[in-house]
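Reviewing the structure listed below.
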Amino acid sequence: MTVDTLDQLRLDNSFAALPKAFYTRLEPQPLTAPRLLHANEQAGALIGLSRQALHSDAFLRVVSGQQPLPGGQTLASVYSGHQFGVWAGQLGDGRAHLLGEVVGPQGNWELQLKGAGMTPYSRMADGRAVLRSSVREYLASEAMHGLGIPTTRALALVVSDDPVMRETVETAAIVTRMSPSFVRFGSFEHWSSRRQPEELRILADYVIDKFYPACREAQGGVAGPEGALLRLLAEVTRRTALLMADWQAVGFCHGVMNTDNMSILGLTLDYGPYGFMDAFRLDHICNHSDSEGRYAWNRQPSVALWNLYRLGGSLHALVPDVDALRSVLDGYEATFTRAFHQRMAAKLGLHDWRIDDEPLLDDLLRLMHDNRADFTLTFRRLADAVRGQAQGFQDLFIDRDAALAWYERLAARHAQDGAAGDAQARAAAMDAVNPLYILRNHLAEQAIQAAKAGSAEDIDILLGLLRDPYTEQPGREAYAALPPDWAGGIEVSCSS
Ligand code: AMP
Ligand code: MG
């Protein structure tokens, strides 16, 4: 069922029903003369908004911060967190306004404005988001969804000429994000660091009751509230491990894996200086502000575990049994490894993962690293090699002979892997898991430049490709090509 006006939406506002200490009620600060650059009909459908509704004046007033969502209770929430491995104390929604929670035809979705002005948690910053980073978040969340990776979504992108000071003067934009919840690991750290176990318990109960009700069932495990918390940690651990396997398998680097950017639902959250890798490096760092490489590609899985330890540590106030907490976290590595191997086996066209596939994969990654081979195209062109054309795959490597020699090892392995069927079927299965289109930095940059000139055409084209990144679309060769030379000069940093 879809509706044409916002006041027909049904709202729940469950977060606003938490005690006052969890948030501040407030009004957004609207942009001057806002323009709707793009509305996402697919996200709109999740909450039952028609195309007409998304292009109404009333919708623009809401997503530009001029008017509250009818029936919503606008608020900014408080959280804390570890940034770059260091305790940062209180953070909170410094530039995010939660408008309310819509009860949609496809579940409940919170709507949040990012960049709609200062809040009590803005600290020294301005509460704004620039067009550049807003386009990047808008595109990335939909690209992630197209890849089948859990993520927050993006509903609308509003722009204005309001100036925003960063390294240079830029212009302001607001992305309306959607998620079942924006609760973070840092939301838990907030209450444990303040030694307020009551609030911690309220938050945990809220998250369990709303998102993880099965954790209340003991099923032979620890009974009572402590058991539920252990099962919550186990489920968040499992989802986070799967998310890391997903990220690694598409060459995604988040860039700022601080605990305040870790979703309690295991979603990709807070797109800033992220990057989908072009030339592969094991220790690729996508964020120019990350001088130590804490969040390099090959460190992401272990950083996620470090972050889970901070979450587990927060729950310690309610679960005195440290060994029980630790043993839950001990499950992370096996879950991650199994999921990563499964995904990599599929990418390599293998029916299942065998222990001796480990050196095969390691040698490929090492070869890609040494040759700076393109991550996305390396895997995509493996299917062409399976079809009998290894040239395109080899072309990605400076050492073409080494690439071919590696491919012959894979082909030998395929020959033993009867279950995956004939070459055509195997190649088709590989194409279904190895994207052809990926949100490369330079593609986002082109969309940003077009957006600056007032055009959303590039955003439209990109969304059309990234929503189904596995299917080749005629006439779109340029979007599947290696990055141009200037792409190497794009710098993304924490400035957003
Ligand atoms: P991030 O690393 O972008 O996830 O942000 C870390 C913290 O800084 C969060 O509490 C954000 O709300 C806050 N923050 C980032 N940029 C701004 C801004 N321009 N204005 C206010 N708060 C901000
Ligand atoms: Mg953040």
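Note on naming: chains are A, B, ... as they come in the structure tokens, residues start from 1 per chain, ligands start from 1 in the order shown.
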
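Where the distance criterion is 7 Å and the atoms used are only C-alpha atoms and all ligand atoms, the residues close to ligand 2 are Asp260, Asn261 and Asp270 of chain A.
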
Give me, as CSV, each residue of chain A that comes within 7 Å of ligand 1, together with its shortest interatomic pair and the distance in Å at one decimal, counting only C-alpha atoms and all ligand atoms, with rows ordered by chain and rising residue number.
```
residue,atom,partner,partner_atom_place_in_ligand_line,distance
A:Leu91,CA,ligand 1,10 (O),4.1
A:Gly92,CA,ligand 1,10 (O),4.3
A:Asp93,CA,ligand 1,12 (O),4.2
A:Gly94,CA,ligand 1,12 (O),3.3
A:Arg95,CA,ligand 1,21 (C),4.6
A:Ala96,CA,ligand 1,12 (O),6.5
A:Met118,CA,ligand 1,21 (C),6.1
A:Tyr121,CA,ligand 1,10 (O),6.6
A:Ser122,CA,ligand 1,21 (C),3.9
A:Arg123,CA,ligand 1,22 (N),6.5
A:Ala125,CA,ligand 1,20 (N),4.1
A:Asp126,CA,ligand 1,20 (N),4.2
A:Gly127,CA,ligand 1,20 (N),3.3
A:Arg128,CA,ligand 1,19 (N),4.7
A:Ala129,CA,ligand 1,19 (N),5.7
A:Val256,CA,ligand 1,2 (O),6.3
A:Asp260,CA,ligand 1,4 (O),6.7
A:Asn261,CA,ligand 1,4 (O),5.7
A:Asp270,CA,ligand 1,4 (O),5.9
A:Gly272,CA,ligand 1,3 (O),6.3
A:Cys494,CA,ligand 1,3 (O),6.7
A:Ser496,CA,ligand 1,16 (N),6.6
```

Using only C-alpha atoms, find each residue in segment 394-435 of chain A having at least one atom no more than 12 Å away from segment 135-154 of chain A; report its shortest atom-to-atom pair and that distance in Å (one decimal), rows by chain then rising number, as JSON lines.
```
{"residue": "A:Ala432", "atom": "CA", "partner": "A:Leu147", "partner_atom": "CA", "distance": 10.3}
{"residue": "A:Val433", "atom": "CA", "partner": "A:Leu147", "partner_atom": "CA", "distance": 8.6}
{"residue": "A:Asn434", "atom": "CA", "partner": "A:Leu147", "partner_atom": "CA", "distance": 9.4}
{"residue": "A:Pro435", "atom": "CA", "partner": "A:Leu147", "partner_atom": "CA", "distance": 7.7}
```

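Closest to His442 of chain A among A:Trp247, A:Phe15, A:Tyr479, A:Phe397 is A:Tyr479, based on only C-alpha atoms.
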
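Omitting Val159 of chain A and its sequence neighbours fewer than 3 positions away, and counting only C-alpha atoms, the residues within 8 Å are Leu31, Pro34, Arg35, Leu36, Leu37, Leu131, Thr171, Ala172, Ala173 and Ile174 of chain A.
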
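Comparing the minimum interatomic distances between His288 of chain A and each of A:Gln391, A:Ser493, A:Asn307, A:Gln52, counting only C-alpha atoms, we find that A:Ser493 sits nearest.
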
Using only C-alpha atoms, which residues of segment 405-465 of chain A come within 8 Å of segment 339-358 of chain A, and what is the closest atom pair for each, with the distance in Å to one decimal? Give it as JSON lines, sorted by chain and residue number.
```
{"residue": "A:Leu410", "atom": "CA", "partner": "A:Leu348", "partner_atom": "CA", "distance": 7.9}
{"residue": "A:His414", "atom": "CA", "partner": "A:Leu350", "partner_atom": "CA", "distance": 6.7}
{"residue": "A:Asp417", "atom": "CA", "partner": "A:His351", "partner_atom": "CA", "distance": 6.7}
{"residue": "A:Ala419", "atom": "CA", "partner": "A:His351", "partner_atom": "CA", "distance": 6.3}
{"residue": "A:Ala420", "atom": "CA", "partner": "A:His351", "partner_atom": "CA", "distance": 5.4}
{"residue": "A:Arg426", "atom": "CA", "partner": "A:Gly349", "partner_atom": "CA", "distance": 6.0}
{"residue": "A:Ala427", "atom": "CA", "partner": "A:Gly349", "partner_atom": "CA", "distance": 7.1}
{"residue": "A:Ala429", "atom": "CA", "partner": "A:Gly349", "partner_atom": "CA", "distance": 7.0}
{"residue": "A:Met430", "atom": "CA", "partner": "A:Gly349", "partner_atom": "CA", "distance": 5.4}
{"residue": "A:Val433", "atom": "CA", "partner": "A:Lys347", "partner_atom": "CA", "distance": 6.0}
{"residue": "A:Asn434", "atom": "CA", "partner": "A:Lys347", "partner_atom": "CA", "distance": 6.0}
```

Selection from above, N, CA, C and O atoms, as a PDB file, in the first residue's frame, can you write it?
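Result file result.pdb:
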```pdb
ATOM      1  N   LEU A 410      43.961 -22.277 -10.764  1.00  0.00           N
ATOM      2  CA  LEU A 410      42.517 -22.223 -10.501  1.00  0.00           C
ATOM      3  C   LEU A 410      41.771 -23.182 -11.442  1.00  0.00           C
ATOM      4  O   LEU A 410      40.871 -23.914 -11.007  1.00  0.00           O
ATOM      5  N   HIS A 414      39.246 -26.086 -10.592  1.00  0.00           N
ATOM      6  CA  HIS A 414      37.897 -26.207 -11.166  1.00  0.00           C
ATOM      7  C   HIS A 414      37.664 -27.621 -11.693  1.00  0.00           C
ATOM      8  O   HIS A 414      36.563 -28.160 -11.560  1.00  0.00           O
ATOM      9  N   ASP A 417      36.411 -29.846  -9.224  1.00  0.00           N
ATOM     10  CA  ASP A 417      35.233 -29.319  -8.538  1.00  0.00           C
ATOM     11  C   ASP A 417      34.023 -29.582  -9.405  1.00  0.00           C
ATOM     12  O   ASP A 417      33.407 -28.669  -9.945  1.00  0.00           O
ATOM     13  N   ALA A 419      31.031 -30.397  -8.967  1.00  0.00           N
ATOM     14  CA  ALA A 419      29.684 -29.964  -8.604  1.00  0.00           C
ATOM     15  C   ALA A 419      29.276 -28.648  -9.257  1.00  0.00           C
ATOM     16  O   ALA A 419      28.093 -28.369  -9.414  1.00  0.00           O
ATOM     17  N   ALA A 420      30.243 -27.810  -9.632  1.00  0.00           N
ATOM     18  CA  ALA A 420      29.868 -26.493 -10.167  1.00  0.00           C
ATOM     19  C   ALA A 420      29.452 -26.559 -11.631  1.00  0.00           C
ATOM     20  O   ALA A 420      29.085 -25.557 -12.214  1.00  0.00           O
ATOM     21  N   ARG A 426      29.460 -22.352 -14.738  1.00  0.00           N
ATOM     22  CA  ARG A 426      30.373 -21.854 -13.707  1.00  0.00           C
ATOM     23  C   ARG A 426      30.614 -20.352 -13.904  1.00  0.00           C
ATOM     24  O   ARG A 426      30.561 -19.564 -12.955  1.00  0.00           O
ATOM     25  N   ALA A 427      30.846 -19.963 -15.156  1.00  0.00           N
ATOM     26  CA  ALA A 427      31.110 -18.550 -15.435  1.00  0.00           C
ATOM     27  C   ALA A 427      29.893 -17.690 -15.097  1.00  0.00           C
ATOM     28  O   ALA A 427      30.018 -16.593 -14.534  1.00  0.00           O
ATOM     29  N   ALA A 429      27.645 -18.346 -12.865  1.00  0.00           N
ATOM     30  CA  ALA A 429      27.553 -18.276 -11.398  1.00  0.00           C
ATOM     31  C   ALA A 429      28.557 -17.261 -10.850  1.00  0.00           C
ATOM     32  O   ALA A 429      28.281 -16.543  -9.884  1.00  0.00           O
ATOM     33  N   MET A 430      29.728 -17.181 -11.470  1.00  0.00           N
ATOM     34  CA  MET A 430      30.745 -16.210 -11.031  1.00  0.00           C
ATOM     35  C   MET A 430      30.286 -14.782 -11.317  1.00  0.00           C
ATOM     36  O   MET A 430      30.460 -13.878 -10.494  1.00  0.00           O
ATOM     37  N   VAL A 433      28.114 -13.177  -8.719  1.00  0.00           N
ATOM     38  CA  VAL A 433      28.653 -12.740  -7.423  1.00  0.00           C
ATOM     39  C   VAL A 433      29.804 -11.748  -7.556  1.00  0.00           C
ATOM     40  O   VAL A 433      30.226 -11.148  -6.560  1.00  0.00           O
ATOM     41  N   ASN A 434      30.326 -11.573  -8.757  1.00  0.00           N
ATOM     42  CA  ASN A 434      31.420 -10.617  -8.959  1.00  0.00           C
ATOM     43  C   ASN A 434      30.878  -9.404  -9.710  1.00  0.00           C
ATOM     44  O   ASN A 434      30.631  -9.476 -10.917  1.00  0.00           O
TER      45      ASN A 434
END
```

Nearest to Gly224 of chain A, chosen from A:Arg132, A:Asp290, A:Glu189, A:Leu318, with only C-alpha atoms counted in the distances: A:Leu318

Proximity to His369 of chain A - best of A:Asn441, A:Asn298, A:Thr176, A:Asn258, only C-alpha atoms: A:Asn298

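In terms of minimum interatomic distance to Arg51 of chain A, A:Val3 ranks closest within A:Ala428, A:Val3, A:Leu233, A:Val222, counting only C-alpha atoms.
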